[in-house]
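Enquirer: File name data08.cif; file contents mmCIF, C-alpha atoms (C1' of nucleotides) and all ligand atoms; full text below.
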data_protein
#
loop_
_atom_site.label_atom_id
_atom_site.label_comp_id
_atom_site.auth_asym_id
_atom_site.auth_seq_id
_atom_site.Cartn_x
_atom_site.Cartn_y
_atom_site.Cartn_z
CA MET A 14 0.00 0.00 0.00
CA THR A 15 1.10 3.56 -0.64
CA VAL A 16 0.89 4.57 3.00
CA ALA A 17 3.41 1.94 4.01
CA LYS A 18 5.87 3.46 1.60
CA GLN A 19 5.52 6.87 3.26
CA ARG A 20 5.62 5.39 6.72
CA ASP A 21 9.18 4.22 6.52
CA THR A 22 10.46 7.28 4.74
CA LYS A 23 13.19 9.00 6.71
CA PRO A 24 12.16 12.56 7.44
CA SER A 25 14.07 15.12 5.46
CA ALA A 26 14.71 17.17 8.59
CA LYS A 27 13.31 20.30 7.02
CA THR A 28 9.79 19.29 6.29
CA ALA A 29 8.07 21.72 8.63
CA PHE A 30 8.59 24.83 6.51
CA VAL A 31 8.01 23.34 3.06
CA THR A 32 4.92 21.85 1.49
CA HIS A 33 5.03 18.11 1.77
CA ASP A 34 2.84 15.04 2.05
CA HIS A 35 1.95 15.72 5.63
CA ALA A 36 -0.51 12.87 5.93
CA GLY A 37 2.34 10.51 5.22
CA CYS A 38 4.68 12.58 7.37
CA ALA A 39 2.34 12.32 10.35
CA ALA A 40 1.48 8.67 9.82
CA GLY A 41 5.13 7.77 9.53
CA THR A 42 6.09 9.68 12.64
CA LEU A 43 3.24 8.13 14.60
CA HIS A 44 4.37 4.73 13.44
CA ARG A 45 7.94 5.37 14.54
CA ALA A 46 6.71 6.71 17.87
CA GLN A 47 4.70 3.55 18.47
CA GLU A 48 7.72 1.50 17.61
CA ALA A 49 9.89 3.54 19.97
CA ALA A 50 7.37 3.10 22.79
CA ARG A 51 7.22 -0.63 22.21
CA GLU A 52 11.00 -0.94 22.27
CA LYS A 53 11.15 1.14 25.41
CA GLY A 54 8.56 -1.02 27.08
CA VAL A 55 6.15 1.81 27.84
CA ARG A 56 2.43 1.67 27.14
CA MET A 57 0.95 3.68 24.32
CA THR A 58 -2.60 3.85 25.61
CA PRO A 59 -5.55 5.32 23.67
CA VAL A 60 -5.40 8.80 25.26
CA ARG A 61 -1.68 8.98 24.78
CA GLN A 62 -1.85 7.91 21.18
CA ARG A 63 -4.72 10.26 20.47
CA ALA A 64 -2.83 13.14 22.09
CA LEU A 65 0.14 12.40 19.88
CA GLU A 66 -2.06 12.18 16.79
CA ILE A 67 -3.49 15.58 17.65
CA LEU A 68 -0.03 17.09 18.01
CA LEU A 69 0.95 15.51 14.72
CA GLU A 70 -1.85 17.11 12.76
CA GLU A 71 0.21 20.19 12.10
CA HIS A 72 3.79 21.31 12.45
CA ARG A 73 3.00 23.63 15.28
CA ALA A 74 2.84 23.57 19.05
CA MET A 75 -0.45 23.20 20.91
CA GLY A 76 -1.33 24.32 24.40
CA ALA A 77 -2.41 21.68 26.90
CA TYR A 78 -5.94 23.03 27.03
CA GLU A 79 -6.25 22.96 23.28
CA VAL A 80 -5.21 19.32 23.31
CA LEU A 81 -7.60 18.74 26.18
CA ASP A 82 -10.55 20.10 24.21
CA ARG A 83 -9.75 17.77 21.36
CA LEU A 84 -9.39 14.79 23.65
CA ALA A 85 -12.65 15.61 25.40
CA ALA A 86 -14.40 15.86 22.04
CA ASP A 87 -13.15 12.36 21.35
CA GLY A 88 -14.74 11.03 24.51
CA PHE A 89 -11.83 11.20 26.90
CA GLY A 90 -11.89 13.09 30.17
CA ASN A 91 -12.27 16.84 30.04
CA GLN A 92 -10.21 17.89 33.04
CA PRO A 93 -6.70 19.37 32.80
CA PRO A 94 -4.86 16.37 34.25
CA VAL A 95 -6.08 14.23 31.37
CA ALA A 96 -4.16 16.33 28.88
CA TYR A 97 -1.21 17.12 31.12
CA ARG A 98 -0.66 13.46 31.96
CA ALA A 99 -0.77 12.33 28.37
CA LEU A 100 1.54 15.13 27.32
CA GLU A 101 3.90 14.48 30.20
CA PHE A 102 4.10 10.84 29.16
CA LEU A 103 4.92 11.79 25.59
CA VAL A 104 7.60 14.26 26.67
CA GLU A 105 9.13 11.88 29.23
CA ASN A 106 9.46 9.22 26.61
CA GLY A 107 10.80 11.40 23.85
CA LEU A 108 7.67 11.31 21.70
CA ALA A 109 6.90 15.00 22.11
CA HIS A 110 8.65 18.14 23.26
CA ARG A 111 7.68 21.03 25.40
CA VAL A 112 8.11 24.41 23.72
CA ARG A 113 8.73 26.72 26.62
CA ARG A 114 8.48 29.96 24.74
CA LEU A 115 4.91 29.06 23.83
CA ASN A 116 3.90 27.14 26.93
CA ALA A 117 2.92 24.46 24.50
CA PHE A 118 3.77 21.04 23.18
CA ALA A 119 4.90 19.72 19.81
CA ALA A 120 5.17 16.18 18.52
CA CYS A 121 8.72 14.93 18.23
CA MET A 122 9.76 14.33 14.64
CA ARG A 123 12.49 11.88 15.60
CA PRO A 124 10.93 9.68 18.24
CA GLY A 125 13.35 7.31 19.85
CA GLU A 126 16.38 8.85 18.20
CA ASP A 127 17.92 10.45 21.30
CA HIS A 128 18.54 13.80 19.71
CA ALA A 129 19.22 17.30 20.95
CA PRO A 130 16.34 19.33 19.61
CA VAL A 131 16.50 22.97 18.64
CA PHE A 132 13.19 24.60 17.88
CA LEU A 133 12.60 27.14 15.18
CA ILE A 134 9.33 28.93 15.86
CA CYS A 135 7.74 31.13 13.23
CA ARG A 136 6.06 34.08 14.91
CA ALA A 137 3.91 34.72 11.85
CA CYS A 138 2.37 31.35 11.04
CA GLY A 139 3.14 29.46 14.21
CA ALA A 140 4.99 26.68 12.43
CA VAL A 141 7.51 24.86 14.57
CA ALA A 142 10.46 22.96 13.16
CA GLU A 143 12.72 20.68 15.06
CA ALA A 144 16.25 21.22 13.84
CA GLY A 145 18.91 18.76 14.81
CA ALA A 146 21.89 20.78 15.96
CA ASP A 147 24.72 18.90 17.50
CA GLU A 148 26.99 21.91 17.03
CA VAL A 149 24.69 24.03 19.14
CA ARG A 150 24.64 21.40 21.82
CA SER A 151 28.38 20.99 21.93
CA ALA A 152 28.94 24.74 21.96
CA LEU A 153 26.57 24.92 24.88
CA LEU A 154 28.39 22.15 26.71
CA ASP A 155 31.67 23.97 26.12
CA ALA A 156 30.28 27.20 27.51
CA ALA A 157 28.92 25.36 30.53
CA ALA A 158 32.22 23.59 31.08
CA ARG A 159 33.99 26.93 31.27
CA HIS A 160 31.82 27.63 34.30
CA ASN A 161 32.29 24.11 35.66
CA PHE A 162 28.60 23.60 35.17
CA THR A 163 27.17 20.15 34.52
CA VAL A 164 24.36 20.25 31.96
CA GLU A 165 21.55 17.76 32.37
CA ARG A 166 18.87 19.18 30.09
CA ALA A 167 18.88 22.09 27.71
CA THR A 168 16.31 24.27 26.03
CA VAL A 169 17.20 25.91 22.75
CA GLU A 170 14.49 27.80 20.96
CA ALA A 171 14.61 30.44 18.26
CA LEU A 172 11.75 32.76 17.44
CA GLY A 173 11.65 34.37 14.04
CA LEU A 174 10.29 33.95 10.56
CA CYS A 175 10.09 30.81 8.50
CA PRO A 176 10.98 30.95 4.79
CA ARG A 177 7.31 31.12 3.82
CA CYS A 178 6.63 34.12 6.04
CA VAL A 179 9.87 36.03 5.75
CA ASP A 180 8.49 37.98 2.81
CA GLY A 181 5.60 40.22 3.62
CA ALA A 182 5.87 40.20 7.39
CA GLU A 183 6.56 43.36 9.29
CA ALA A 184 9.81 43.49 11.25
CA VAL A 185 9.69 43.22 15.00
CA LEU A 186 13.27 43.80 15.95
CA MET B 17 35.00 55.11 48.91
CA THR B 18 35.43 51.37 48.64
CA VAL B 19 32.09 50.87 46.98
CA ALA B 20 33.06 53.09 44.10
CA LYS B 21 36.02 50.87 43.42
CA GLN B 22 33.76 47.81 43.19
CA ARG B 23 31.21 49.65 41.15
CA ASP B 24 33.34 50.03 38.10
CA THR B 25 34.85 46.57 38.30
CA LYS B 26 34.15 44.54 35.19
CA PRO B 27 32.35 41.36 36.14
CA SER B 28 34.45 38.23 35.82
CA ALA B 29 31.69 36.45 33.89
CA LYS B 30 31.69 33.53 36.26
CA THR B 31 30.77 35.19 39.50
CA ALA B 32 27.43 33.46 40.00
CA PHE B 33 28.81 30.09 41.06
CA VAL B 34 31.75 31.28 43.16
CA THR B 35 31.84 33.19 46.42
CA HIS B 36 32.45 36.84 45.71
CA ASP B 37 31.75 40.30 47.03
CA HIS B 38 28.17 40.24 46.00
CA ALA B 39 27.29 43.57 47.57
CA GLY B 40 29.79 45.18 45.26
CA CYS B 41 28.70 42.93 42.40
CA ALA B 42 25.07 44.02 42.79
CA ALA B 43 25.86 47.68 43.34
CA GLY B 44 28.10 47.77 40.31
CA THR B 45 25.54 46.08 38.09
CA LEU B 46 22.81 48.40 39.30
CA HIS B 47 25.05 51.34 38.54
CA ARG B 48 25.76 50.10 35.04
CA ALA B 49 22.05 49.45 34.50
CA GLN B 50 21.20 53.00 35.50
CA GLU B 51 23.85 54.27 33.15
CA ALA B 52 22.48 52.11 30.33
CA ALA B 53 18.95 53.38 30.94
CA ARG B 54 20.13 56.98 30.93
CA GLU B 55 22.00 56.51 27.67
CA LYS B 56 19.01 54.82 26.13
CA GLY B 57 16.73 57.66 27.19
CA VAL B 58 14.31 55.50 29.15
CA ARG B 59 13.10 56.34 32.63
CA MET B 60 14.34 54.37 35.60
CA THR B 61 11.45 55.09 37.94
CA PRO B 62 11.32 54.04 41.61
CA VAL B 63 9.35 50.80 41.08
CA ARG B 64 11.56 49.79 38.20
CA GLN B 65 14.75 50.46 40.09
CA ARG B 66 13.47 48.69 43.18
CA ALA B 67 12.44 45.69 41.08
CA LEU B 68 15.93 45.52 39.64
CA GLU B 69 17.49 45.83 43.08
CA ILE B 70 15.37 42.94 44.26
CA LEU B 71 16.46 40.79 41.33
CA LEU B 72 20.05 41.74 42.03
CA GLU B 73 20.00 40.55 45.61
CA GLU B 74 20.93 37.03 44.60
CA HIS B 75 22.17 35.22 41.53
CA ARG B 76 18.91 33.45 40.99
CA ALA B 77 15.67 33.99 39.15
CA MET B 78 12.56 35.27 40.88
CA GLY B 79 8.95 34.75 39.94
CA ALA B 80 6.86 37.83 39.21
CA TYR B 81 4.73 37.27 42.29
CA GLU B 82 7.75 36.98 44.52
CA VAL B 83 8.98 40.30 43.18
CA LEU B 84 5.49 41.69 43.63
CA ASP B 85 5.40 40.74 47.30
CA ARG B 86 8.68 42.51 47.85
CA LEU B 87 7.52 45.59 45.99
CA ALA B 88 4.27 45.68 47.93
CA ALA B 89 6.19 45.41 51.19
CA ASP B 90 8.12 48.48 50.08
CA GLY B 91 4.92 50.44 49.63
CA PHE B 92 4.29 49.95 45.93
CA GLY B 93 1.12 48.48 44.52
CA ASN B 94 0.27 44.89 45.31
CA GLN B 95 -1.44 43.82 42.12
CA PRO B 96 0.22 41.63 39.48
CA PRO B 97 0.51 44.33 36.81
CA VAL B 98 2.78 46.33 39.10
CA ALA B 99 5.41 43.61 39.01
CA TYR B 100 4.79 42.52 35.44
CA ARG B 101 5.10 46.06 34.13
CA ALA B 102 8.32 46.76 35.96
CA LEU B 103 9.78 43.42 34.88
CA GLU B 104 8.64 43.90 31.32
CA PHE B 105 10.36 47.27 31.25
CA LEU B 106 13.59 45.76 32.54
CA VAL B 107 13.50 42.93 30.02
CA GLU B 108 12.59 45.20 27.11
CA ASN B 109 15.51 47.44 27.90
CA GLY B 110 18.06 44.72 28.45
CA LEU B 111 18.35 45.21 32.19
CA ALA B 112 16.88 41.83 33.08
CA HIS B 113 16.12 38.54 31.38
CA ARG B 114 13.26 36.15 31.41
CA VAL B 115 14.17 32.60 32.35
CA ARG B 116 11.53 30.57 30.60
CA ARG B 117 12.29 27.24 32.18
CA LEU B 118 11.51 28.77 35.56
CA ASN B 119 8.78 31.21 34.58
CA ALA B 120 10.95 33.74 36.33
CA PHE B 121 13.18 36.74 35.88
CA ALA B 122 16.85 37.41 36.54
CA ALA B 123 18.80 40.63 36.57
CA CYS B 124 21.07 41.07 33.58
CA MET B 125 24.73 41.03 34.51
CA ARG B 126 25.77 42.96 31.40
CA PRO B 127 23.22 45.72 31.08
CA GLY B 128 23.54 47.69 27.90
CA GLU B 129 26.12 45.38 26.41
CA ASP B 130 23.91 43.83 23.69
CA HIS B 131 24.89 40.28 24.37
CA ALA B 132 23.45 36.86 23.60
CA PRO B 133 22.76 35.34 26.98
CA VAL B 134 22.88 31.65 27.78
CA PHE B 135 21.55 30.66 31.17
CA LEU B 136 23.01 27.99 33.39
CA ILE B 137 20.45 27.04 36.00
CA CYS B 138 21.41 24.90 38.99
CA ARG B 139 18.54 22.59 39.88
CA ALA B 140 19.91 22.07 43.38
CA CYS B 141 20.54 25.57 44.69
CA GLY B 142 18.65 27.62 42.13
CA ALA B 143 21.66 29.73 41.19
CA VAL B 144 21.49 31.22 37.72
CA ALA B 145 24.54 32.26 35.75
CA GLU B 146 24.53 34.23 32.57
CA ALA B 147 27.18 32.80 30.30
CA GLY B 148 28.19 34.72 27.24
CA ALA B 149 28.27 32.26 24.39
CA ASP B 150 28.78 33.65 20.96
CA GLU B 151 29.66 30.19 19.64
CA VAL B 152 26.30 28.87 20.75
CA ARG B 153 24.59 31.75 19.07
CA SER B 154 26.42 31.36 15.79
CA ALA B 155 25.86 27.60 15.76
CA LEU B 156 22.19 28.31 16.28
CA LEU B 157 22.15 30.82 13.46
CA ASP B 158 23.86 28.29 11.20
CA ALA B 159 21.31 25.62 12.05
CA ALA B 160 18.50 28.08 11.39
CA ALA B 161 20.05 29.16 8.10
CA ARG B 162 20.05 25.57 6.90
CA HIS B 163 16.27 25.72 7.24
CA ASN B 164 16.11 29.19 5.70
CA PHE B 165 14.78 30.41 9.01
CA THR B 166 15.36 33.99 10.14
CA VAL B 167 16.11 34.17 13.85
CA GLU B 168 14.90 37.24 15.70
CA ARG B 169 15.19 36.14 19.31
CA ALA B 170 16.61 33.06 20.91
CA THR B 171 16.30 31.28 24.21
CA VAL B 172 19.16 29.10 25.39
CA GLU B 173 18.92 27.64 28.85
CA ALA B 174 20.71 24.72 30.47
CA LEU B 175 19.49 22.98 33.59
CA GLY B 176 21.98 21.02 35.66
CA LEU B 177 24.32 21.30 38.58
CA CYS B 178 26.60 24.16 39.45
CA PRO B 179 30.14 23.41 40.66
CA ARG B 180 29.12 23.87 44.29
CA CYS B 181 26.26 21.39 44.06
CA VAL B 182 27.71 18.81 41.70
CA ASP B 183 29.09 16.86 44.64
CA GLY B 184 26.51 15.40 46.92
CA ALA B 185 23.46 15.83 44.73
CA GLU B 186 21.51 12.83 43.53
CA ALA B 187 21.41 12.22 39.81
CA VAL B 188 18.25 12.98 37.91
CA LEU B 189 19.07 11.78 34.47
"C1'" DC C 17 -4.54 76.22 30.97
"C1'" DT C 18 -5.29 72.37 28.14
"C1'" DT C 19 -3.86 68.43 25.85
"C1'" DG C 20 -1.61 64.15 25.35
"C1'" DA C 21 1.86 60.78 26.58
"C1'" DC C 22 3.41 58.05 30.03
"C1'" DG C 23 3.43 55.74 34.34
"C1'" DT C 24 1.02 53.78 38.27
"C1'" DG C 25 -2.91 51.70 41.16
"C1'" DT C 26 -6.65 48.52 41.33
"C1'" DG C 27 -10.25 45.03 40.44
"C1'" DA C 28 -11.42 41.34 37.70
"C1'" DT C 29 -10.43 37.69 34.59
"C1'" DT C 30 -7.95 34.47 31.72
"C1'" DT C 31 -4.59 31.05 30.98
"C1'" DT C 32 -1.53 27.52 32.55
"C1'" DA C 33 -0.41 23.90 35.80
"C1'" DT C 34 -0.86 20.76 40.07
"C1'" DA C 35 -2.75 18.60 44.22
"C1'" DA C 36 -5.59 15.21 46.09
"C1'" DC C 37 -8.58 11.54 45.95
"C1'" DA C 38 -11.44 7.81 43.84
"C1'" DT C 39 -12.06 4.39 40.37
"C1'" DA C 40 -10.80 1.26 36.62
"C1'" DC C 41 -7.73 -1.65 34.32
"C1'" DA C 42 -3.76 -4.54 33.74
"C1'" DT C 43 -0.02 -7.66 35.27
"C1'" DT C 44 1.84 -10.48 38.47
"C1'" DT C 45 1.60 -13.91 42.05
"C1'" DA C 46 -0.46 -17.52 44.68
"C1'" DT D 25 -9.00 -18.47 38.68
"C1'" DA D 26 -8.57 -15.23 42.64
"C1'" DA D 27 -6.13 -12.01 45.23
"C1'" DA D 28 -2.80 -8.61 45.26
"C1'" DT D 29 -0.21 -5.08 43.19
"C1'" DG D 30 1.08 -1.50 40.25
"C1'" DT D 31 -0.29 1.58 36.63
"C1'" DA D 32 -3.63 4.51 34.19
"C1'" DT D 33 -7.72 7.30 34.13
"C1'" DG D 34 -11.56 10.26 35.84
"C1'" DT D 35 -12.98 14.10 38.61
"C1'" DT D 36 -13.06 17.92 41.99
"C1'" DA D 37 -10.64 21.57 43.53
"C1'" DT D 38 -6.96 24.81 43.83
"C1'" DA D 39 -2.66 27.01 42.82
"C1'" DA D 40 0.35 29.70 39.98
"C1'" DA D 41 1.28 32.72 36.13
"C1'" DA D 42 -0.19 36.30 33.07
"C1'" DT D 43 -3.29 39.73 31.05
"C1'" DC D 44 -7.36 42.96 30.53
"C1'" DA D 45 -9.72 47.08 31.41
"C1'" DC D 46 -10.27 51.25 33.52
"C1'" DA D 47 -9.22 55.13 36.71
"C1'" DC D 48 -6.02 58.40 38.38
"C1'" DG D 49 -1.79 61.11 38.65
"C1'" DT D 50 2.21 63.44 36.81
"C1'" DC D 51 4.64 66.12 33.66
"C1'" DA D 52 5.99 68.45 29.62
"C1'" DA D 53 4.59 70.50 25.00
"C1'" DG D 54 1.63 73.56 22.79
ZN ZN E 1 4.71 17.02 8.07
ZN ZN E 2 5.83 30.90 9.11
ZN ZN E 3 27.18 38.68 42.55
ZN ZN E 4 23.97 24.98 42.79
#
Using structure tokens, write down the structure from this file.
Expert:
Amino acid sequence: MTVAKQRDTKPSAKTAFVTHDHAGCAAGTLHRAQEAAREKGVRMTPVRQRALEILLEEHRAMGAYEVLDRLAADGFGNQPPVAYRALEFLVENGLAHRVRRLNAFAACMRPGEDHAPVFLICRACGAVAEAGADEVRSALLDAAARHNFTVERATVEALGLCPRCVDGAEAVL
Amino acid sequence: MTVAKQRDTKPSAKTAFVTHDHAGCAAGTLHRAQEAAREKGVRMTPVRQRALEILLEEHRAMGAYEVLDRLAADGFGNQPPVAYRALEFLVENGLAHRVRRLNAFAACMRPGEDHAPVFLICRACGAVAEAGADEVRSALLDAAARHNFTVERATVEALGLCPRCVDGAEAVL
DNA sequence: CTTGACGTGTGATTTTATAACATACATTTA
DNA sequence: TAAATGTATGTTATAAAATCACACGTCAAG
């Protein structure tokens, strides 16, 4: 089937800002996330999977309450902990990320790959891309080392304009 | 006077995690912040200055409500906007930074210097250091450029253990 | 003196996140 | 299978963080 072909396609790492077969992109990522969960021995329950599917619908970050509304509409609980717990599970297990600048969550595009994500957030269209950036991470570790600081987790987020919005958007800085 | 000598001392860039003359450190930074505000033509009103002084008391980040309590105790208003407005002013004018991981604010140690701050946040003692890290910034810009993304603002924060806490703190990762 | 920009005070509300407890389901153990 | 145990979900309530909307005061330009 044609979907299966898309499913195992390696992501091009810059899909978020260009038009692409997102149905296949999302299905493939979901599939890889399920695989990662299975290998990790954690349970991908219905709420959790649905929450991930919701995050995967678009390349943008969603607030917990927005996810909650969607989950509730699908027959799951409608209280904050329902969404927060599902999202926490996804983040803990590397299937989603928290985007601190937006107080929101985004599906991970490389589930199970143990990567160091850098987020590129378009302030005009809200698109969020997950850029792999080992150089950023190692530069950060170097800087920390100069202060004798031991890094355990890092947040790297850039706000700006994606290639589609860079023309025709008013400057902010 | 001895304070004046401290006031114009350039910060060593790694003061936060080592014992130092913090009274002089704070006074000097406040002085430089006032200077920066004057040069920029913005008004350092009483609330704003007091808010900065409060942030400068320790090398850690403070929540808006914590700052608010302190301001209220000093006779200023006791409603959230009082603190948020003062903090927003400080951030907008480069006299303080927002630490997103903590939903908190920290005084800038290089007011008026137009720098690219990287925060090192100790999860054990709460100390926050502002590490200059041009390499991190340029690596981030490179990564963004590969996606044709235009960076306007960036957040780089590392959570971990400072040199004083690295011994005798349980692992978390 | 009047106008308008800016800053501050205050009450109310919105948005984001957790605490605490009860119930349901699943996996192990007997 | 039945009991026991751990894990997941549902629900009520509350806490924490941030913003809105409006009134009042100050000060400097016209
Ligand atoms: Zn896609
Ligand atoms: Zn965009
Ligand atoms: Zn100091
Ligand atoms: Zn520490």
Enquirer: As a ChimeraX atom specification, please: every protein or nucleic acid residue near ligand ZN 1 (chain E) (cut-off 8 Å, counting only C-alpha atoms (C1' of nucleotides) and all ligand atoms).
Expert: /A:28-29,33-39,69,71-72
Enquirer: Return the neighbours of chain C among the residues of chain A, cut-off 10 Å, counting all atoms listed in the file, as an MDAnalysis selection string.
Expert: chainID A and resid 76:78 93:94 97 116:117
Enquirer: When the cut-off is 10 Å and we count all atoms listed in the file, which residues of chain A are near chain D, given as a JSON list (two decimals) with C-alpha atoms, in the frame of the given file?
Expert:
[["chain", "number", "residue", "atom", "x", "y", "z"],
["A", 56, "ARG", "CA", 2.43, 1.67, 27.14],
["A", 58, "THR", "CA", -2.60, 3.85, 25.61],
["A", 60, "VAL", "CA", -5.40, 8.80, 25.26],
["A", 89, "PHE", "CA", -11.83, 11.20, 26.90],
["A", 90, "GLY", "CA", -11.89, 13.09, 30.17],
["A", 91, "ASN", "CA", -12.27, 16.84, 30.04],
["A", 92, "GLN", "CA", -10.21, 17.89, 33.04],
["A", 94, "PRO", "CA", -4.86, 16.37, 34.25],
["A", 95, "VAL", "CA", -6.08, 14.23, 31.37],
["A", 98, "ARG", "CA", -0.66, 13.46, 31.96]]
Enquirer: Which residues form the shell of 12 Å around ligand ZN 2 (chain E) when you count all atoms listed in the file, given as a PyMOL selection string?
Expert: (chain A and resi 29-32+72-73+133-142+172-182) or (chain B and resi 163-167)
Enquirer: Could you check how far CA of Ala158 in chain A sits from CA of Ala132 in chain B, in Å to one decimal?
Expert: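 Between CA of Ala158 in chain A and CA of Ala132 in chain B the gap is 17.6 Å.
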Enquirer: Report the distance between CA of Arg123 in chain A and CA of Ala149 in chain B in Å, rounded to one decimal place.
Expert: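 Between CA of Arg123 in chain A and CA of Ala149 in chain B the gap works out to 27.2 Å.
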Enquirer: Tell me, in Å to one decimal, how far CA of Val149 in chain A is from CA of Phe118 in chain A.
Expert: 21.5 Å
Enquirer: Please determine, counting all atoms listed in the file, which residue among B:His131, B:Arg169, B:Arg54, B:Arg162 has the shortest atom-to-atom distance to chain A.
Expert: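 So, comparing all the options, the nearest one is B:Arg169.
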Enquirer: Between B:Gly128, B:Pro133, B:Gly44, B:Gly91, which one has atoms that come closest to ligand ZN 3 (chain E), using all atoms listed in the file?
Expert: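 Counting all atoms listed in the file, the residue closest to ligand ZN 3 (chain E) is B:Gly44.
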